[in-house]
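S.K.: Dropping in protein_37.pdb, which is PDB, C-alpha atoms:
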MODEL        1
ATOM      1  CA  MET D1093     109.645  83.757 142.318
ATOM      2  CA  SER D1094     108.705  82.290 138.925
ATOM      3  CA  LYS D1095     108.309  84.737 136.099
ATOM      4  CA  ASN D1096     105.148  85.369 134.153
ATOM      5  CA  ILE D1097     106.234  85.260 130.489
ATOM      6  CA  THR D1098     103.800  86.360 127.763
ATOM      7  CA  LEU D1099     104.427  85.795 124.072
ATOM      8  CA  ALA D1100     102.677  88.278 121.789
ATOM      9  CA  LYS D1101     100.079  86.792 119.454
ATOM     10  CA  TYR D1102     101.177  89.073 116.582
ATOM     11  CA  ALA D1103     104.904  88.318 116.654
ATOM     12  CA  GLY D1104     107.067  87.085 113.810
ATOM     13  CA  PHE D1105     106.499  86.669 110.083
ATOM     14  CA  CYS D1106     103.665  88.670 108.566
ATOM     15  CA  TYR D1107     101.827  87.391 105.489
ATOM     16  CA  GLY D1108     104.040  89.250 102.970
ATOM     17  CA  VAL D1109     107.307  88.016 104.492
ATOM     18  CA  LYS D1110     106.044  84.435 104.875
ATOM     19  CA  ARG D1111     104.916  84.422 101.238
ATOM     20  CA  ALA D1112     108.279  85.801 100.038
ATOM     21  CA  VAL D1113     110.411  83.304 101.994
ATOM     22  CA  GLU D1114     108.286  80.258 101.128
ATOM     23  CA  THR D1115     108.034  81.201  97.433
ATOM     24  CA  VAL D1116     111.795  81.752  97.011
ATOM     25  CA  LYS D1117     112.573  78.378  98.617
ATOM     26  CA  LYS D1118     109.994  76.697  96.364
ATOM     27  CA  LEU D1119     111.460  78.423  93.273
ATOM     28  CA  LYS D1120     114.897  76.963  94.021
ATOM     29  CA  GLU D1121     113.454  73.542  94.819
ATOM     30  CA  GLU D1122     111.558  73.467  91.505
ATOM     31  CA  ASN D1123     114.505  74.902  89.521
ATOM     32  CA  PRO D1124     117.600  73.219  91.016
ATOM     33  CA  ASP D1125     119.686  73.794  87.879
ATOM     34  CA  LYS D1126     118.813  77.501  87.545
ATOM     35  CA  ASN D1127     120.398  80.433  89.336
ATOM     36  CA  VAL D1128     117.939  82.094  91.711
ATOM     37  CA  TYR D1129     118.841  85.671  92.622
ATOM     38  CA  VAL D1130     117.145  88.087  95.008
ATOM     39  CA  LEU D1131     117.747  91.761  94.286
ATOM     40  CA  GLY D1132     118.591  93.146  97.744
ATOM     41  CA  GLU D1133     117.971  91.272 101.000
ATOM     42  CA  LEU D1134     114.669  89.386 100.700
ATOM     43  CA  ILE D1135     113.806  90.419 104.264
ATOM     44  CA  HIS D1136     115.744  92.290 106.940
ATOM     45  CA  ASN D1137     116.993  89.282 108.849
ATOM     46  CA  SER D1138     120.574  87.981 108.558
ATOM     47  CA  GLN D1139     119.708  84.451 109.761
ATOM     48  CA  VAL D1140     117.115  84.048 106.998
ATOM     49  CA  ILE D1141     119.511  85.445 104.374
ATOM     50  CA  SER D1142     122.187  82.926 105.489
ATOM     51  CA  GLU D1143     119.668  80.082 105.279
ATOM     52  CA  LEU D1144     118.709  81.114 101.726
ATOM     53  CA  GLU D1145     122.377  81.294 100.703
ATOM     54  CA  GLN D1146     122.917  77.750 102.001
ATOM     55  CA  LEU D1147     120.071  76.648  99.725
ATOM     56  CA  GLY D1148     121.865  78.288  96.790
ATOM     57  CA  ILE D1149     119.673  81.411  96.634
ATOM     58  CA  LYS D1150     121.962  84.384  96.028
ATOM     59  CA  THR D1151     121.424  87.929  97.281
ATOM     60  CA  ILE D1152     122.678  90.519  94.799
ATOM     61  CA  ASN D1153     122.764  94.326  94.983
ATOM     62  CA  ASP D1154     122.931  95.010  91.263
ATOM     63  CA  ILE D1155     121.590  93.280  88.128
ATOM     64  CA  SER D1156     125.135  93.198  86.717
ATOM     65  CA  GLU D1157     126.002  90.584  89.379
ATOM     66  CA  ALA D1158     123.497  88.130  87.891
ATOM     67  CA  ASP D1159     124.147  85.564  85.214
ATOM     68  CA  SER D1160     121.219  83.731  83.594
ATOM     69  CA  GLY D1161     118.297  82.464  85.686
ATOM     70  CA  ILE D1162     115.543  83.860  87.892
ATOM     71  CA  CYS D1163     115.601  87.290  89.529
ATOM     72  CA  VAL D1164     113.251  87.937  92.444
ATOM     73  CA  ILE D1165     111.866  91.334  93.452
ATOM     74  CA  ARG D1166     111.758  91.271  97.263
ATOM     75  CA  SER D1167     108.776  92.116  99.478
ATOM     76  CA  HIS D1168     109.779  95.817  99.639
ATOM     77  CA  GLY D1169     109.138  96.249  95.911
ATOM     78  CA  ALA D1170     111.280  97.946  93.251
ATOM     79  CA  SER D1171     111.166 100.977  90.990
ATOM     80  CA  PRO D1172     109.749 100.648  87.433
ATOM     81  CA  SER D1173     113.250 101.282  85.990
ATOM     82  CA  VAL D1174     114.711  98.366  87.988
ATOM     83  CA  ILE D1175     111.913  96.042  86.847
ATOM     84  CA  LYS D1176     112.553  97.078  83.218
ATOM     85  CA  GLU D1177     116.294  96.484  83.687
ATOM     86  CA  ILE D1178     115.612  92.918  84.886
ATOM     87  CA  GLN D1179     113.281  92.246  81.948
ATOM     88  CA  ASP D1180     115.770  93.695  79.433
ATOM     89  CA  SER D1181     118.605  91.597  80.879
ATOM     90  CA  GLY D1182     116.872  88.376  79.861
ATOM     91  CA  LEU D1183     116.473  87.178  83.440
ATOM     92  CA  GLU D1184     113.167  85.586  84.405
ATOM     93  CA  LEU D1185     111.355  88.058  86.691
ATOM     94  CA  VAL D1186     109.434  86.901  89.768
ATOM     95  CA  ASP D1187     107.785  89.799  91.604
ATOM     96  CA  LEU D1188     107.287  89.086  95.328
ATOM     97  CA  THR D1189     106.413  92.641  96.330
ATOM     98  CA  CYS D1190     104.139  92.455  99.381
ATOM     99  CA  LEU D1191     100.523  93.009  98.298
ATOM    100  CA  ASP D1192     100.135  95.790 100.895
ATOM    101  CA  VAL D1193     103.235  97.535  99.497
ATOM    102  CA  LYS D1194     101.776  97.192  95.978
ATOM    103  CA  LYS D1195      98.663  99.015  97.217
ATOM    104  CA  VAL D1196     100.792 101.922  98.478
ATOM    105  CA  GLN D1197     102.546 102.135  95.106
ATOM    106  CA  GLN D1198      99.169 102.170  93.327
ATOM    107  CA  GLN D1199      97.743 104.818  95.688
ATOM    108  CA  ALA D1200     100.835 107.021  95.215
ATOM    109  CA  ILE D1201     100.471 106.685  91.423
ATOM    110  CA  GLN D1202      96.772 107.592  91.637
ATOM    111  CA  LEU D1203      97.463 110.706  93.727
ATOM    112  CA  ALA D1204     100.240 111.734  91.302
ATOM    113  CA  LYS D1205      97.904 111.274  88.303
ATOM    114  CA  GLU D1206      95.286 113.431  90.028
ATOM    115  CA  GLY D1207      97.804 116.267  90.255
ATOM    116  CA  ASP D1208      98.428 116.125  94.004
ATOM    117  CA  PHE D1209     101.678 117.113  95.689
ATOM    118  CA  VAL D1210     102.517 113.620  96.973
ATOM    119  CA  VAL D1211     103.882 113.259 100.501
ATOM    120  CA  ILE D1212     105.189 109.817 101.468
ATOM    121  CA  VAL D1213     105.435 109.404 105.240
ATOM    122  CA  GLY D1214     108.452 107.190 105.828
ATOM    123  CA  LYS D1215     112.231 106.835 105.807
ATOM    124  CA  ALA D1216     113.708 108.144 102.539
ATOM    125  CA  ASP D1217     116.473 105.519 102.399
ATOM    126  CA  HIS D1218     114.184 102.522 103.047
ATOM    127  CA  PRO D1219     113.837 100.236  99.976
ATOM    128  CA  GLU D1220     110.021 100.193 100.216
ATOM    129  CA  VAL D1221     109.883 104.001 100.206
ATOM    130  CA  ILE D1222     112.427 104.321  97.373
ATOM    131  CA  ALA D1223     110.156 102.104  95.224
ATOM    132  CA  ILE D1224     106.948 103.987  96.174
ATOM    133  CA  LYS D1225     108.602 107.319  95.324
ATOM    134  CA  ALA D1226     109.893 106.030  91.976
ATOM    135  CA  ASN D1227     106.413 104.789  91.035
ATOM    136  CA  ALA D1228     104.817 108.174  91.821
ATOM    137  CA  GLU D1229     107.594 110.068  90.000
ATOM    138  CA  GLN D1230     106.521 108.494  86.710
ATOM    139  CA  PHE D1231     103.593 110.933  86.771
ATOM    140  CA  THR D1232     104.772 113.974  88.754
ATOM    141  CA  SER D1233     107.940 115.643  90.004
ATOM    142  CA  LYS D1234     106.058 116.813  93.103
ATOM    143  CA  VAL D1235     106.920 113.921  95.431
ATOM    144  CA  PHE D1236     108.509 114.323  98.853
ATOM    145  CA  VAL D1237     109.426 111.833 101.578
ATOM    146  CA  ALA D1238     109.307 112.885 105.235
ATOM    147  CA  SER D1239     109.544 111.047 108.542
ATOM    148  CA  ASP D1240     109.015 114.188 110.662
ATOM    149  CA  ILE D1241     107.684 117.747 110.475
ATOM    150  CA  GLU D1242     111.158 119.313 110.266
ATOM    151  CA  GLN D1243     111.829 117.499 106.991
ATOM    152  CA  LEU D1244     108.435 118.528 105.636
ATOM    153  CA  LYS D1245     109.148 122.210 106.346
ATOM    154  CA  GLN D1246     111.672 122.094 103.472
ATOM    155  CA  VAL D1247     108.734 122.018 101.016
ATOM    156  CA  GLU D1248     106.214 124.024 103.035
ATOM    157  CA  ASP D1249     106.033 126.832 100.445
ATOM    158  CA  GLN D1250     105.508 124.349  97.599
ATOM    159  CA  ILE D1251     102.677 122.626  99.490
ATOM    160  CA  LYS D1252     101.018 125.979 100.287
ATOM    161  CA  ALA D1253     101.183 126.925  96.587
ATOM    162  CA  HIS D1254      99.746 123.593  95.430
ATOM    163  CA  LYS D1255      96.008 123.004  95.119
ATOM    164  CA  LYS D1256      96.003 119.539  96.740
ATOM    165  CA  VAL D1257      98.335 117.417  98.843
ATOM    166  CA  GLY D1258      98.057 113.624  98.814
ATOM    167  CA  VAL D1259      99.499 111.485 101.606
ATOM    168  CA  VAL D1260     100.498 107.817 101.667
ATOM    169  CA  VAL D1261     102.486 105.978 104.326
ATOM    170  CA  GLN D1262     105.264 103.389 104.443
ATOM    171  CA  THR D1263     103.453 100.192 105.502
ATOM    172  CA  THR D1264     105.528  99.731 108.687
ATOM    173  CA  GLN D1265     105.396 103.324 109.973
ATOM    174  CA  ARG D1266     104.236 104.370 113.431
ATOM    175  CA  ILE D1267     100.677 105.748 113.570
ATOM    176  CA  GLU D1268     102.004 108.536 115.861
ATOM    177  CA  THR D1269     104.376 109.711 113.109
ATOM    178  CA  LEU D1270     101.517 109.831 110.605
ATOM    179  CA  GLN D1271      99.289 111.741 113.059
ATOM    180  CA  LYS D1272     101.940 114.425 113.666
ATOM    181  CA  ILE D1273     102.587 114.939 109.961
ATOM    182  CA  VAL D1274      98.879 115.052 109.064
ATOM    183  CA  SER D1275      98.198 117.571 111.870
ATOM    184  CA  TYR D1276     100.915 119.806 110.428
ATOM    185  CA  LEU D1277      99.740 119.393 106.816
ATOM    186  CA  ILE D1278      96.203 120.440 107.764
ATOM    187  CA  THR D1279      97.576 123.853 108.752
ATOM    188  CA  ILE D1280      99.403 124.486 105.446
ATOM    189  CA  SER D1281      97.340 122.762 102.745
ATOM    190  CA  LYS D1282      94.217 123.913 100.917
ATOM    191  CA  GLU D1283      92.965 120.381 100.361
ATOM    192  CA  MET D1284      94.354 117.095 101.637
ATOM    193  CA  HIS D1285      93.765 113.523 100.545
ATOM    194  CA  LEU D1286      95.039 110.980 103.105
ATOM    195  CA  VAL D1287      95.342 107.276 102.362
ATOM    196  CA  ASN D1288      96.413 105.485 105.544
ATOM    197  CA  THR D1289      98.476 102.666 104.048
ATOM    198  CA  ILE D1290     100.001 101.363 107.292
ATOM    199  CA  CYS D1291      99.364  97.640 106.889
ATOM    200  CA  GLN D1292      96.956  95.730 109.130
ATOM    201  CA  SER D1293      99.723  93.478 110.441
ATOM    202  CA  THR D1294     101.748  96.509 111.627
ATOM    203  CA  LYS D1295      98.676  98.100 113.259
ATOM    204  CA  MET D1296      97.797  94.906 115.154
ATOM    205  CA  ARG D1297     101.417  94.281 116.188
ATOM    206  CA  GLN D1298     101.857  97.843 117.500
ATOM    207  CA  THR D1299      98.482  97.914 119.295
ATOM    208  CA  GLU D1300      99.083  94.567 121.003
ATOM    209  CA  ALA D1301     102.642  95.523 122.011
ATOM    210  CA  LYS D1302     101.406  98.765 123.627
ATOM    211  CA  GLU D1303      98.829  96.775 125.627
ATOM    212  CA  LEU D1304     101.518  94.310 126.756
ATOM    213  CA  ALA D1305     103.797  97.180 127.781
ATOM    214  CA  GLN D1306     101.083  98.525 130.110
ATOM    215  CA  THR D1307     100.989  95.305 132.140
ATOM    216  CA  ASN D1308     104.605  94.078 132.052
ATOM    217  CA  ASP D1309     107.820  95.177 133.783
ATOM    218  CA  LEU D1310     109.841  94.396 130.669
ATOM    219  CA  VAL D1311     109.137  93.915 126.955
ATOM    220  CA  ILE D1312     111.692  92.157 124.761
ATOM    221  CA  VAL D1313     111.516  93.052 121.064
ATOM    222  CA  VAL D1314     113.164  90.430 118.856
ATOM    223  CA  GLY D1315     114.314  91.258 115.349
ATOM    224  CA  SER D1316     116.875  92.852 113.083
ATOM    225  CA  LYS D1317     118.168  96.350 113.874
ATOM    226  CA  LYS D1318     117.808  96.985 110.096
ATOM    227  CA  SER D1319     114.090  96.163 110.143
ATOM    228  CA  ALA D1320     111.908  99.299 110.126
ATOM    229  CA  ASN D1321     108.854  97.697 111.708
ATOM    230  CA  THR D1322     110.970  96.133 114.492
ATOM    231  CA  THR D1323     112.804  99.344 115.381
ATOM    232  CA  HIS D1324     109.504 101.267 115.370
ATOM    233  CA  LEU D1325     108.086  98.674 117.758
ATOM    234  CA  ALA D1326     111.007  99.189 120.150
ATOM    235  CA  GLU D1327     110.669 102.990 119.894
ATOM    236  CA  ILE D1328     106.969 102.873 120.780
ATOM    237  CA  LEU D1329     107.480 100.629 123.828
ATOM    238  CA  THR D1330     110.512 102.446 125.246
ATOM    239  CA  GLY D1331     108.216 105.287 126.314
ATOM    240  CA  ILE D1332     105.882 102.939 128.202
ATOM    241  CA  THR D1333     107.996 100.351 130.039
ATOM    242  CA  ASN D1334     111.505  98.834 130.185
ATOM    243  CA  THR D1335     112.243  97.674 126.650
ATOM    244  CA  ILE D1336     115.156  95.831 125.087
ATOM    245  CA  HIS D1337     115.675  95.196 121.372
ATOM    246  CA  ILE D1338     117.725  92.125 120.527
ATOM    247  CA  GLU D1339     118.411  90.196 117.326
ATOM    248  CA  LYS D1340     118.903  86.775 118.939
ATOM    249  CA  ASP D1341     118.829  84.954 122.275
ATOM    250  CA  ASP D1342     122.533  85.194 123.198
ATOM    251  CA  GLU D1343     122.158  88.986 123.520
ATOM    252  CA  LEU D1344     119.957  88.390 126.586
ATOM    253  CA  ASP D1345     123.175  87.856 128.578
ATOM    254  CA  ASP D1346     123.807  91.610 128.334
ATOM    255  CA  TYR D1347     120.562  92.281 130.219
ATOM    256  CA  GLU D1348     120.841  89.609 132.910
ATOM    257  CA  ASP D1349     120.176  91.957 135.866
ATOM    258  CA  LEU D1350     117.183  93.641 134.248
ATOM    259  CA  ILE D1351     115.642  90.257 133.376
ATOM    260  CA  LYS D1352     116.262  88.952 136.921
ATOM    261  CA  GLU D1353     114.439  91.854 138.556
ATOM    262  CA  SER D1354     111.460  91.697 136.149
ATOM    263  CA  ASN D1355     108.609  89.406 137.210
ATOM    264  CA  ASN D1356     106.289  90.049 134.261
ATOM    265  CA  ILE D1357     108.004  89.811 130.884
ATOM    266  CA  ALA D1358     106.433  90.064 127.419
ATOM    267  CA  ILE D1359     108.102  89.033 124.167
ATOM    268  CA  THR D1360     107.160  90.458 120.788
ATOM    269  CA  ALA D1361     108.937  90.387 117.434
ATOM    270  CA  GLY D1362     109.146  92.144 114.097
ATOM    271  CA  ALA D1363     107.533  90.959 110.867
ATOM    272  CA  SER D1364     110.824  89.562 109.556
ATOM    273  CA  THR D1365     111.761  87.546 112.655
ATOM    274  CA  PRO D1366     111.617  83.740 112.199
ATOM    275  CA  GLN D1367     109.629  81.717 114.746
ATOM    276  CA  ASN D1368     112.629  79.605 115.796
ATOM    277  CA  ILE D1369     114.510  82.743 116.947
ATOM    278  CA  ILE D1370     111.483  83.900 118.986
ATOM    279  CA  ASP D1371     111.219  80.397 120.523
ATOM    280  CA  LYS D1372     114.903  80.436 121.531
ATOM    281  CA  VAL D1373     114.438  83.769 123.333
ATOM    282  CA  TYR D1374     111.372  82.422 125.139
ATOM    283  CA  ARG D1375     113.150  79.218 126.174
ATOM    284  CA  LYS D1376     116.232  81.079 127.397
ATOM    285  CA  ILE D1377     114.172  83.314 129.689
ATOM    286  CA  GLU D1378     112.064  80.386 130.853
ATOM    287  CA  GLY D1379     115.190  78.283 131.496
ATOM    288  CA  GLY D1380     116.898  81.095 133.361
ATOM    289  CA  GLN D1381     114.371  80.996 136.189
ATOM    290  CA  GLU D1382     115.546  79.654 139.518
TER     291      GLU D1382
ENDMDL
END
Is it possible to give me this structure as structure tokens?

M.R.:
Amino acid sequence: MSKNITLAKYAGFCYGVKRAVETVKKLKEENPDKNVYVLGELIHNSQVISELEQLGIKTINDISEADSGICVIRSHGASPSVIKEIQDSGLELVDLTCLDVKKVQQQAIQLAKEGDFVVIVGKADHPEVIAIKANAEQFTSKVFVASDIEQLKQVEDQIKAHKKVGVVVQTTQRIETLQKIVSYLITISKEMHLVNTICQSTKMRQTEAKELAQTNDLVIVVGSKKSANTTHLAEILTGITNTIHIEKDDELDDYEDLIKESNNIAITAGASTPQNIIDKVYRKIEGGQE
């Protein structure tokens, strides 16, 4: 029996990632004799990072690794102190922070200025969240990151004692995580100001993937295991239908039996997954039919 394979409409590069990758390549093309550095991985995808390195675009983890040239702030953003360090070093700064991430930083700053206890819903060690927190901390020490209620309970007494709590969200977070945290905050705060900063691309991707999971025997999520939006996508779908999370097409061999017994298969991908990797996965499944 031939398989019915559906490719998600909202799969692959989002606007912010596409802009970052295209701009960095253009920077190198226009400045062939200059060093072009990216502070941290431009996006969470090893194939893209390798491609950039082949073009002479270097990924660095610290400003001290850079010589003269251009230093790029990646789509996740950076803290004000890091931006100042780049400027003071004499490197030419190019800020490619995603515009949606910039909005979260600005909202967090606004809440901090208004005297709110700022709660950032997200993963504390994620580069986007680290930058949001650092921006808010310029104006208040009352900033806390939580990805679940248990973490938030650590500051429950402080929130209860504070007049207002302000909430922003990592752009790639699950709406379910935000809902749980907000429901809990309502019970312990006097006044709450919520700014739902989950980006439109993430919302559409997650909504579409859930719909696909309802009508397919198997959903394949393609993208880096380091990518927050991709792992969240896989987490959401696992509770609905058979779900596998792979980084590239050769990993499909590990799921041969599951793929064989699935007649309706959907493929979706994270915001940092290049189109050619998605296409390879599609072709491999299509070619594997008898």

S.K.: Between D:Gln1298, D:Val1237, D:Ser1319, D:Ile1370, which one has atoms that come closest to Leu1134 in chain D, using only C-alpha atoms?

M.R.: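 Ranked by minimum distance to Leu1134 in chain D, first place goes to D:Ser1319.
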
S.K.: Excluding range 1320-1336 of chain D and its own-chain neighbours fewer than 4 positions away, which residues fall within 6 Å of it when counting all atoms listed in the file? Please give them as a list in words.

M.R.: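 Answer for this query is Thr1264, Ala1305, Leu1310, Val1311, Ile1312, Gly1315 and Gly1362 of chain D.
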
S.K.: Here is a test: counting all atoms listed in the file, which residue of D:Lys1295, D:Lys1256, D:His1136, D:Lys1302 is nearest to Ser1281 in chain D?

M.R.: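 Closest to Ser1281 in chain D, using all atoms listed in the file: D:Lys1256.
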
S.K.: Please enclose the listed atoms of range 1098-1115 of chain D in an axis-aligned box, pad each side by 4 Å, and write out the centre and the three edge lengths in Å, rounded to one decimal, as AutoDock Vina command-line options.

M.R.:
--center_x 105.2 --center_y 84.8 --center_z 112.6 --size_x 18.3 --size_y 17.0 --size_z 38.3

S.K.: Counting only C-alpha atoms, which residue out of D:Thr1289, D:Asn1127, D:Ser1239, D:Gln1271 sits closest to Val1164 in chain D?

M.R.: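 Looking at the shortest contact to Val1164 in chain D, the residue is D:Asn1127.
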
S.K.: Would you list the contacts of Lys1195 in chain D as an mmCIF file with C-alpha atoms, keeping the file's coordinate frame, taking every protein, DNA or RNA residue within 12 Å and counting only C-alpha atoms, but skipping same-chain residues closer than 4 positions in sequence?

M.R.:
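Heads up, here's the output in selection33.cif:
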data_model
loop_
_atom_site.group_PDB
_atom_site.id
_atom_site.type_symbol
_atom_site.label_atom_id
_atom_site.label_comp_id
_atom_site.auth_asym_id
_atom_site.auth_seq_id
_atom_site.Cartn_x
_atom_site.Cartn_y
_atom_site.Cartn_z
ATOM 1 C CA HIS D 1168 109.779 95.817 99.639
ATOM 2 C CA GLY D 1169 109.138 96.249 95.911
ATOM 3 C CA THR D 1189 106.413 92.641 96.330
ATOM 4 C CA CYS D 1190 104.139 92.455 99.381
ATOM 5 C CA LEU D 1191 100.523 93.009 98.298
ATOM 6 C CA GLN D 1199 97.743 104.818 95.688
ATOM 7 C CA ALA D 1200 100.835 107.021 95.215
ATOM 8 C CA ILE D 1201 100.471 106.685 91.423
ATOM 9 C CA GLN D 1202 96.772 107.592 91.637
ATOM 10 C CA GLU D 1220 110.021 100.193 100.216
ATOM 11 C CA ILE D 1224 106.948 103.987 96.174
ATOM 12 C CA ASN D 1227 106.413 104.789 91.035
ATOM 13 C CA VAL D 1260 100.498 107.817 101.667
ATOM 14 C CA VAL D 1261 102.486 105.978 104.326
ATOM 15 C CA GLN D 1262 105.264 103.389 104.443
ATOM 16 C CA THR D 1263 103.453 100.192 105.502
ATOM 17 C CA VAL D 1287 95.342 107.276 102.362
ATOM 18 C CA ASN D 1288 96.413 105.485 105.544
ATOM 19 C CA THR D 1289 98.476 102.666 104.048
ATOM 20 C CA ILE D 1290 100.001 101.363 107.292
ATOM 21 C CA CYS D 1291 99.364 97.640 106.889
#

S.K.: Can you translate the PyMOL selection byres ((chain D and resi 1363-1368) around 9) into the concrete residues it hits in this file, as a PyMOL selection string?

M.R.: chain D and resi 1102-1110+1135-1137+1139-1140+1293-1294+1297+1314-1316+1319+1321-1322+1339+1361-1362+1369-1373

S.K.: Please, what distance in Å, to one decimal, runs between CA of Met1296 in chain D and CA of Leu1270 in chain D?

M.R.: 16.0 Å

S.K.: Could you list, as a PyMOL selection string, every residue within 12 Å of Lys1126 in chain D, counting only C-alpha atoms and ignoring same-chain residues fewer than 6 positions away?

M.R.: chain D and resi 1119-1120+1148-1150+1158-1163+1183-1184

S.K.: Place N, CA and C atoms on range 1215-1233 of chain D and deliver the coordinates as a PDB file, keeping the file's coordinate frame.

M.R.:
ATOM      1  N   LYS D1215     110.781 106.599 105.826  1.00  0.00           N
ATOM      2  CA  LYS D1215     112.231 106.835 105.807  1.00  0.00           C
ATOM      3  C   LYS D1215     112.712 106.844 104.353  1.00  0.00           C
ATOM      4  N   ALA D1216     113.329 107.951 103.950  1.00  0.00           N
ATOM      5  CA  ALA D1216     113.708 108.144 102.539  1.00  0.00           C
ATOM      6  C   ALA D1216     114.653 107.073 102.001  1.00  0.00           C
ATOM      7  N   ASP D1217     115.494 106.504 102.876  1.00  0.00           N
ATOM      8  CA  ASP D1217     116.473 105.519 102.399  1.00  0.00           C
ATOM      9  C   ASP D1217     115.982 104.078 102.523  1.00  0.00           C
ATOM     10  N   HIS D1218     114.719 103.884 102.921  1.00  0.00           N
ATOM     11  CA  HIS D1218     114.184 102.522 103.047  1.00  0.00           C
ATOM     12  C   HIS D1218     113.777 102.012 101.670  1.00  0.00           C
ATOM     13  N   PRO D1219     114.130 100.749 101.330  1.00  0.00           N
ATOM     14  CA  PRO D1219     113.837 100.236  99.976  1.00  0.00           C
ATOM     15  C   PRO D1219     112.362 100.312  99.580  1.00  0.00           C
ATOM     16  N   GLU D1220     111.451 100.097 100.534  1.00  0.00           N
ATOM     17  CA  GLU D1220     110.021 100.193 100.216  1.00  0.00           C
ATOM     18  C   GLU D1220     109.664 101.609  99.772  1.00  0.00           C
ATOM     19  N   VAL D1221     110.185 102.596 100.489  1.00  0.00           N
ATOM     20  CA  VAL D1221     109.883 104.001 100.206  1.00  0.00           C
ATOM     21  C   VAL D1221     110.520 104.452  98.887  1.00  0.00           C
ATOM     22  N   ILE D1222     111.738 103.994  98.635  1.00  0.00           N
ATOM     23  CA  ILE D1222     112.427 104.321  97.373  1.00  0.00           C
ATOM     24  C   ILE D1222     111.570 103.863  96.185  1.00  0.00           C
ATOM     25  N   ALA D1223     110.993 102.653  96.309  1.00  0.00           N
ATOM     26  CA  ALA D1223     110.156 102.104  95.224  1.00  0.00           C
ATOM     27  C   ALA D1223     108.834 102.862  95.095  1.00  0.00           C
ATOM     28  N   ILE D1224     108.209 103.222  96.213  1.00  0.00           N
ATOM     29  CA  ILE D1224     106.948 103.987  96.174  1.00  0.00           C
ATOM     30  C   ILE D1224     107.181 105.327  95.484  1.00  0.00           C
ATOM     31  N   LYS D1225     108.264 105.999  95.886  1.00  0.00           N
ATOM     32  CA  LYS D1225     108.602 107.319  95.324  1.00  0.00           C
ATOM     33  C   LYS D1225     108.839 107.218  93.818  1.00  0.00           C
ATOM     34  N   ALA D1226     109.591 106.201  93.402  1.00  0.00           N
ATOM     35  CA  ALA D1226     109.893 106.030  91.976  1.00  0.00           C
ATOM     36  C   ALA D1226     108.625 105.785  91.164  1.00  0.00           C
ATOM     37  N   ASN D1227     107.684 105.044  91.732  1.00  0.00           N
ATOM     38  CA  ASN D1227     106.413 104.789  91.035  1.00  0.00           C
ATOM     39  C   ASN D1227     105.618 106.082  90.854  1.00  0.00           C
ATOM     40  N   ALA D1228     105.550 106.905  91.902  1.00  0.00           N
ATOM     41  CA  ALA D1228     104.817 108.174  91.821  1.00  0.00           C
ATOM     42  C   ALA D1228     105.493 109.151  90.855  1.00  0.00           C
ATOM     43  N   GLU D1229     106.832 109.114  90.828  1.00  0.00           N
ATOM     44  CA  GLU D1229     107.594 110.068  90.000  1.00  0.00           C
ATOM     45  C   GLU D1229     107.466 109.814  88.497  1.00  0.00           C
ATOM     46  N   GLN D1230     106.815 108.712  88.132  1.00  0.00           N
ATOM     47  CA  GLN D1230     106.521 108.494  86.710  1.00  0.00           C
ATOM     48  C   GLN D1230     105.507 109.526  86.203  1.00  0.00           C
ATOM     49  N   PHE D1231     104.722 110.079  87.156  1.00  0.00           N
ATOM     50  CA  PHE D1231     103.593 110.933  86.771  1.00  0.00           C
ATOM     51  C   PHE D1231     103.679 112.362  87.310  1.00  0.00           C
ATOM     52  N   THR D1232     104.608 112.615  88.232  1.00  0.00           N
ATOM     53  CA  THR D1232     104.772 113.974  88.754  1.00  0.00           C
ATOM     54  C   THR D1232     106.165 114.139  89.359  1.00  0.00           C
ATOM     55  N   SER D1233     106.653 115.366  89.340  1.00  0.00           N
ATOM     56  CA  SER D1233     107.940 115.643  90.004  1.00  0.00           C
ATOM     57  C   SER D1233     107.703 116.098  91.448  1.00  0.00           C
TER      58      SER D1233
END
